[in-house]
Every structure is written in structure tokens, then in C-alpha cells.
Amino acid sequence: MNEMRFDGRSVIVTGAGRGFGRSHAIFLATRGAKVVVVDNGTELDGSGSSPEPAQQVAKEIIAAGGEAVACFASVADEAGANSIVETALDSFGRLDVVINNAGIVDPYWFEDSSIELYRRMEATHYFGTIYVTKAAWPHLLKAPQACVVNTASEAMLGNVPKGTAYAGAKGAVFSFTRALAHDSTRSGIRVNAVAPRGDTRMSEPAFLARVFEQPEANFANPFFESLKPERVTPAVAYLAHESCPLNGEVLVCGGGRALRLAVIETRGVTLDDITPEGIAENIDEIMDITDPQLCGLQMPTP
């Protein structure tokens, strides 16, 4: 297979100053993309800000012979999202791909969580994805083979402690991705997502010790060496490439593995006179995942 190139393509990568976003931006630049490196330079919980992370990655790309421009803006702010898109247009004259990667996390047990925490998670993950995509959409409509790659998470499945705020926000990104992919069948813009498995600030021993309430020493594990962000980026590059046929899909990637994250419905039962007792009597069959139906993207009916 020929190398997947992005020559001449203008790509926005949010949260590109560190972690997954940094890896995505650098890799795409090596494949010929012109990259807008977006990062507000916050701490993990969204506090503080600094232009340095975005500037450093852009400098690294340019020093290696690539094309990049740094953009210091918050995706959680609608004006900031607009400025991100304007930076792409002013710098490269077009926009082809948006990779929504920016995110924050601040784990608490539900009873210790504030409503402000949920608003903060939604503002960055969900509304940040919406703001940037909405600002980019008119320009993506003009580009051939345009696409959006969002960042979901397996945490939306409810498998991480102290994760109700983060999981809820990522679940919203998942649903938005699927729904927008359905709408965009009219325009041809593909919309997919990646659920990354990787070693970032979220997997540092001090952070994991807080999440799981265990000693930091328990998380000094060489296993994390296999979970470098660079091993997630190939899925993002594939989804962003013009040859990718997928739409409305989520790929889990990391540690050398790539798999599909899908929603299923069981075959269930059909009851003429459904009652609570009838559900109780048939609950094993209702819950049986043998021969499930995949909930896939359906083309709109004219």
C-alpha cells in the first residue's frame, strides 16, 4: 500500500501541545500536512494557561522541515474556536481536516463533585468539540474529502472510578460524533472518532494514585511504556486520510492494538402484553448478547 500522505492539506489539531495531540500534529506534518497546533496550555484540570506548549510543538515541526503555526486559544470559548479556524485560513488559505483532541480531567467521587466540575468537563470536551467543528464546517464544505476526527474515550462506558463528569462529557462527544456523521451523509464530510489508550499526563503515577486511591508505587509499571501516544496516532491519521471510507465509527487504539467500539442491541423478546412481571420472567433472554444487532449508521430516507 502507498504511504498515506497529507500533502497540501490544512489540518487543525486541538490540544496539540502535549500528549496525543502533540503526537498527531508532528506525525501529520511528517506526512506533508500543514498543521495548526492549538493548545491553551492548561493544567490537567483546566486551570492556568500558557502559549508555550503550542509554540514549542510548532517550532519542532518547522525545524524538521514541516509547516505549522501555533494557536493559543481555548476551545471552550466560542470566540477562541473561531480564532482557531481563522488561523488555519489566514496561514494556509484552506481547511481540510479538524482533529478535536483537547481535553481536561479532574476526578472526584460523585458525592464530592460540584456542578461546576460537570460544566467544566462539558465546556472543554463537548462544547469545545462543537465550537471548533461548527466554526470549521462552512470551510470543510468547500474542501474535497474533508473530515472531522473527534476524541472519545472508553471511560464513557463507566469503567473508571471517580469518572462521572469526564465519562459524561466523553459520552456526549461519542453521541455527537455519531449524530453528526448521520447528518453529514448529505455533504460527504466524514465524521469519526478515536478512543485512545496511551501514556499521557492522565496515566502518571500521582494521577492514577488519586483516581484509584492506591500508593503511587503501584503504578510504576513498565506496561505503560507500550502505551506511548505515538501508538495511537496511526488510527487518527487513518481516519483523517481522504482514502478512509468510515463514517460514524469509533476506533480504539493504543499499545499496538486497534479495534472497533460499537453499540449493540440484543435480540430481546416480544411480548403481546408486556408487564413488569413479563420482563422479570424473560430477563435472561433480554440480556443475552448472543447474535446481537449492530447499531450502525443509517442513511437518511429522502
# chains A, B, ... in the order shown; residues from 1 in each chain; ligands from 1
call {"tool": "select_by_dssp", "arguments": {"residues": "region 27-79 of chain A", "states": "strand (DSSP E)", "output": "PDB file with N, CA and C atoms, in the first residue's frame"}}
result
ATOM      1  N   LYS A  34      -0.129  20.666   6.602  1.00  0.00           N
ATOM      2  CA  LYS A  34       0.108  21.984   7.177  1.00  0.00           C
ATOM      3  C   LYS A  34      -0.740  22.052   8.439  1.00  0.00           C
ATOM      4  N   VAL A  35      -0.088  22.180   9.580  1.00  0.00           N
ATOM      5  CA  VAL A  35      -0.768  21.941  10.851  1.00  0.00           C
ATOM      6  C   VAL A  35      -0.935  23.213  11.678  1.00  0.00           C
ATOM      7  N   VAL A  36      -2.167  23.424  12.142  1.00  0.00           N
ATOM      8  CA  VAL A  36      -2.430  24.444  13.152  1.00  0.00           C
ATOM      9  C   VAL A  36      -2.347  23.752  14.504  1.00  0.00           C
ATOM     10  N   VAL A  37      -1.309  24.092  15.261  1.00  0.00           N
ATOM     11  CA  VAL A  37      -1.061  23.471  16.564  1.00  0.00           C
ATOM     12  C   VAL A  37      -1.787  24.296  17.623  1.00  0.00           C
ATOM     13  N   VAL A  38      -2.902  23.771  18.095  1.00  0.00           N
ATOM     14  CA  VAL A  38      -3.754  24.515  19.032  1.00  0.00           C
ATOM     15  C   VAL A  38      -3.574  23.979  20.443  1.00  0.00           C
ATOM     16  N   GLU A  67       5.445  22.346   7.969  1.00  0.00           N
ATOM     17  CA  GLU A  67       4.723  23.615   8.040  1.00  0.00           C
ATOM     18  C   GLU A  67       3.758  23.569   9.213  1.00  0.00           C
ATOM     19  N   ALA A  68       3.827  24.580  10.061  1.00  0.00           N
ATOM     20  CA  ALA A  68       2.964  24.629  11.236  1.00  0.00           C
ATOM     21  C   ALA A  68       2.851  26.054  11.738  1.00  0.00           C
ATOM     22  N   VAL A  69       1.759  26.313  12.422  1.00  0.00           N
ATOM     23  CA  VAL A  69       1.567  27.596  13.089  1.00  0.00           C
ATOM     24  C   VAL A  69       0.939  27.315  14.445  1.00  0.00           C
ATOM     25  N   ALA A  70       1.406  28.003  15.477  1.00  0.00           N
ATOM     26  CA  ALA A  70       0.861  27.823  16.819  1.00  0.00           C
ATOM     27  C   ALA A  70      -0.358  28.706  17.007  1.00  0.00           C
ATOM     28  N   CYS A  71      -1.336  28.191  17.734  1.00  0.00           N
ATOM     29  CA  CYS A  71      -2.533  28.963  18.044  1.00  0.00           C
ATOM     30  C   CYS A  71      -2.842  28.787  19.522  1.00  0.00           C
TER      31      CYS A  71
END
call {"tool": "residues_around", "arguments": {"residues": "Pro292 (chain A)", "least_positions_apart": "2", "cutoff": "7 Å", "atoms": "only C-alpha atoms", "output": "PyMOL selection string"}}
result
chain A and resi 264-267+289-290+294
call {"tool": "write_last_selection", "arguments": {"atoms": "C-alpha atoms", "output": "CSV table (one decimal), in the first residue's frame"}}
result
chain,number,residue,atom,x,y,z
A,264,ILE,CA,-25.3,-3.3,20.0
A,265,GLU,CA,-28.8,-4.2,20.8
A,266,THR,CA,-29.7,-7.7,22.0
A,267,ARG,CA,-32.4,-9.7,20.2
A,289,ILE,CA,-25.9,-10.8,23.9
A,290,THR,CA,-25.9,-13.9,21.6
A,294,LEU,CA,-25.2,-3.7,15.5
call {"tool": "residues_around", "arguments": {"residues": "Gln56 (chain A)", "least_positions_apart": "5", "cutoff": "9 Å", "atoms": "only C-alpha atoms", "output": "list in words"}}
result
Gly17, Pro51, Ile61 and Ala70 of chain A
call {"tool": "write_last_selection", "arguments": {"atoms": "N, CA and C atoms", "output": "mmCIF file, in the first residue's frame"}}
result
data_model
loop_
_atom_site.group_PDB
_atom_site.id
_atom_site.type_symbol
_atom_site.label_atom_id
_atom_site.label_comp_id
_atom_site.auth_asym_id
_atom_site.auth_seq_id
_atom_site.Cartn_x
_atom_site.Cartn_y
_atom_site.Cartn_z
ATOM 1 N N GLY A 17 -0.367 20.580 22.185
ATOM 2 C CA GLY A 17 0.881 20.962 22.832
ATOM 3 C C GLY A 17 1.547 19.838 23.595
ATOM 4 N N PRO A 51 1.064 29.852 26.396
ATOM 5 C CA PRO A 51 1.240 29.641 24.958
ATOM 6 C C PRO A 51 2.420 28.729 24.628
ATOM 7 N N ILE A 61 8.085 21.197 14.593
ATOM 8 C CA ILE A 61 7.655 20.804 13.253
ATOM 9 C C ILE A 61 8.400 21.594 12.193
ATOM 10 N N ALA A 70 1.406 28.003 15.477
ATOM 11 C CA ALA A 70 0.861 27.823 16.819
ATOM 12 C C ALA A 70 -0.358 28.706 17.007
#
call {"tool": "closest_residue", "arguments": {"among": "A:Gly128, A:Gly248, A:Pro144, A:Gly48", "to": "Lys170 (chain A)", "atoms": "only C-alpha atoms"}}
result
A:Gly128
call {"tool": "select_by_dssp", "arguments": {"residues": "region 111-227 of chain A", "states": "alpha helix (DSSP H)", "output": "compact mmCIF listing (two decimals) with N, CA and C atoms, in the first residue's frame"}}
result
# COMPACT_ATOMS: atom_id res chain seq x y z
N ILE A 115 -21.34 20.84 40.73
CA ILE A 115 -21.97 21.06 39.43
C ILE A 115 -21.00 21.79 38.50
N GLU A 116 -20.17 22.65 39.07
CA GLU A 116 -19.18 23.38 38.27
C GLU A 116 -18.22 22.42 37.58
N LEU A 117 -17.89 21.31 38.24
CA LEU A 117 -16.99 20.32 37.64
C LEU A 117 -17.61 19.75 36.36
N TYR A 118 -18.90 19.42 36.41
CA TYR A 118 -19.56 18.86 35.23
C TYR A 118 -19.62 19.90 34.11
N ARG A 119 -19.89 21.14 34.46
CA ARG A 119 -19.91 22.19 33.44
C ARG A 119 -18.54 22.39 32.82
N ARG A 120 -17.50 22.26 33.64
CA ARG A 120 -16.13 22.44 33.14
C ARG A 120 -15.75 21.33 32.17
N MET A 121 -16.11 20.09 32.51
CA MET A 121 -15.81 18.98 31.62
C MET A 121 -16.58 19.12 30.30
N PHE A 127 -18.64 20.92 24.36
CA PHE A 127 -18.83 22.19 23.65
C PHE A 127 -17.58 22.61 22.91
N GLY A 128 -16.40 22.24 23.43
CA GLY A 128 -15.16 22.54 22.69
C GLY A 128 -15.16 21.86 21.34
N THR A 129 -15.62 20.61 21.31
CA THR A 129 -15.72 19.87 20.04
C THR A 129 -16.76 20.53 19.13
N ILE A 130 -17.89 20.93 19.71
CA ILE A 130 -18.94 21.57 18.91
C ILE A 130 -18.47 22.91 18.38
N TYR A 131 -17.89 23.74 19.24
CA TYR A 131 -17.48 25.09 18.83
C TYR A 131 -16.51 25.04 17.65
N VAL A 132 -15.48 24.21 17.78
CA VAL A 132 -14.47 24.16 16.71
C VAL A 132 -15.07 23.58 15.44
N THR A 133 -15.85 22.51 15.58
CA THR A 133 -16.45 21.89 14.40
C THR A 133 -17.43 22.84 13.72
N LYS A 134 -18.22 23.55 14.50
CA LYS A 134 -19.20 24.49 13.95
C LYS A 134 -18.50 25.61 13.19
N ALA A 135 -17.43 26.14 13.76
CA ALA A 135 -16.69 27.22 13.09
C ALA A 135 -16.03 26.72 11.82
N ALA A 136 -15.60 25.46 11.83
CA ALA A 136 -14.89 24.91 10.67
C ALA A 136 -15.83 24.45 9.56
N TRP A 137 -17.06 24.12 9.90
CA TRP A 137 -17.96 23.43 8.98
C TRP A 137 -18.13 24.13 7.62
N PRO A 138 -18.39 25.44 7.57
CA PRO A 138 -18.57 26.08 6.25
C PRO A 138 -17.35 25.91 5.35
N HIS A 139 -16.18 25.85 5.95
CA HIS A 139 -14.94 25.73 5.17
C HIS A 139 -14.68 24.28 4.79
N LEU A 140 -15.08 23.36 5.66
CA LEU A 140 -14.96 21.94 5.31
C LEU A 140 -15.89 21.58 4.15
N THR A 164 -17.52 10.23 36.69
CA THR A 164 -18.85 10.58 36.17
C THR A 164 -18.83 11.85 35.32
N ALA A 165 -18.06 12.84 35.71
CA ALA A 165 -18.02 14.09 34.94
C ALA A 165 -17.28 13.90 33.63
N TYR A 166 -16.15 13.27 33.69
CA TYR A 166 -15.35 13.03 32.49
C TYR A 166 -16.07 12.08 31.53
N ALA A 167 -16.59 10.97 32.09
CA ALA A 167 -17.27 9.98 31.26
C ALA A 167 -18.51 10.58 30.59
N GLY A 168 -19.25 11.40 31.32
CA GLY A 168 -20.43 12.03 30.75
C GLY A 168 -20.08 12.93 29.59
N ALA A 169 -18.99 13.69 29.74
CA ALA A 169 -18.57 14.60 28.67
C ALA A 169 -18.09 13.81 27.46
N LYS A 170 -17.35 12.73 27.68
CA LYS A 170 -16.87 11.92 26.57
C LYS A 170 -18.02 11.16 25.91
N GLY A 171 -19.01 10.76 26.70
CA GLY A 171 -20.19 10.14 26.13
C GLY A 171 -20.92 11.10 25.20
N ALA A 172 -20.94 12.37 25.58
CA ALA A 172 -21.56 13.38 24.72
C ALA A 172 -20.81 13.52 23.41
N VAL A 173 -19.47 13.45 23.46
CA VAL A 173 -18.67 13.51 22.24
C VAL A 173 -18.97 12.31 21.35
N PHE A 174 -19.09 11.14 21.95
CA PHE A 174 -19.41 9.93 21.20
C PHE A 174 -20.74 10.09 20.46
N SER A 175 -21.77 10.53 21.18
CA SER A 175 -23.09 10.68 20.57
C SER A 175 -23.10 11.77 19.51
N PHE A 176 -22.41 12.85 19.78
CA PHE A 176 -22.32 13.94 18.80
C PHE A 176 -21.65 13.45 17.52
N THR A 177 -20.59 12.67 17.68
CA THR A 177 -19.87 12.13 16.51
C THR A 177 -20.81 11.30 15.64
N ARG A 178 -21.56 10.41 16.27
CA ARG A 178 -22.45 9.54 15.53
C ARG A 178 -23.58 10.32 14.85
N ALA A 179 -24.15 11.26 15.58
CA ALA A 179 -25.27 12.02 15.04
C ALA A 179 -24.82 12.95 13.90
N LEU A 180 -23.66 13.57 14.07
CA LEU A 180 -23.15 14.46 13.02
C LEU A 180 -22.77 13.65 11.78
N ALA A 181 -22.23 12.46 11.97
CA ALA A 181 -21.92 11.60 10.83
C ALA A 181 -23.18 11.27 10.05
N HIS A 182 -24.26 11.05 10.77
CA HIS A 182 -25.54 10.77 10.12
C HIS A 182 -25.98 11.98 9.29
N ASP A 183 -25.94 13.17 9.90
CA ASP A 183 -26.34 14.39 9.18
C ASP A 183 -25.44 14.66 7.99
N PRO A 205 1.86 8.22 37.63
CA PRO A 205 1.58 7.53 38.90
C PRO A 205 0.82 8.38 39.92
N ALA A 206 1.17 9.67 40.03
CA ALA A 206 0.50 10.52 41.01
C ALA A 206 -0.99 10.67 40.68
N PHE A 207 -1.29 10.79 39.40
CA PHE A 207 -2.68 10.95 38.99
C PHE A 207 -3.45 9.65 39.22
N LEU A 208 -2.89 8.52 38.80
CA LEU A 208 -3.56 7.24 38.97
C LEU A 208 -3.73 6.89 40.45
N ALA A 209 -2.77 7.28 41.27
CA ALA A 209 -2.89 7.04 42.70
C ALA A 209 -4.10 7.77 43.27
N ARG A 210 -4.35 8.97 42.76
CA ARG A 210 -5.53 9.74 43.19
C ARG A 210 -6.82 9.08 42.72
N VAL A 211 -6.84 8.62 41.48
CA VAL A 211 -8.04 8.01 40.92
C VAL A 211 -8.40 6.72 41.65
N PHE A 212 -7.41 5.85 41.83
CA PHE A 212 -7.67 4.51 42.38
C PHE A 212 -7.42 4.43 43.88
call {"tool": "residues_around", "arguments": {"residues": "Met4 (chain A)", "least_positions_apart": "5", "cutoff": "9 Å", "atoms": "only C-alpha atoms", "output": "list of chain:residue names"}}
result
A:Arg31, A:Ala237, A:Tyr238, A:His241, A:Glu242, A:Ser243
call {"tool": "closest_residue", "arguments": {"among": "A:Gly158, A:Phe92, A:Ile99, A:Gly19", "to": "Ala235 (chain A)", "atoms": "only C-alpha atoms"}}
result
A:Ile99
call {"tool": "residues_around", "arguments": {"residues": "region 13-15 of chain A", "least_positions_apart": "3", "cutoff": "9 Å", "atoms": "only C-alpha atoms", "output": "PyMOL selection string"}}
result
chain A and resi 18-22+24-25+35-41+54+75+84+97-103+132
call {"tool": "closest_residue", "arguments": {"among": "A:Glu277, A:Asp77, A:Asp199, A:Asp288", "to": "Tyr126 (chain A)", "atoms": "only C-alpha atoms"}}
result
A:Asp77
call {"tool": "closest_residue", "arguments": {"among": "A:Glu43, A:Glu154, A:Asp112, A:Glu60", "to": "Leu259 (chain A)", "atoms": "only C-alpha atoms"}}
result
A:Glu154
call {"tool": "closest_residue", "arguments": {"among": "A:Ala123, A:Leu239, A:Ala33, A:Ala262", "to": "Gly46 (chain A)", "atoms": "only C-alpha atoms"}}
result
A:Ala123
call {"tool": "closest_residue", "arguments": {"among": "A:Thr124, A:Asn192, A:Thr42, A:Ser153", "to": "Leu246 (chain A)", "atoms": "only C-alpha atoms"}}
result
A:Asn192
call {"tool": "atom_distance", "arguments": {"atom1": "CA of Ser113 (chain A)", "atom2": "CA of Met156 (chain A)"}}
result
17.2 Å
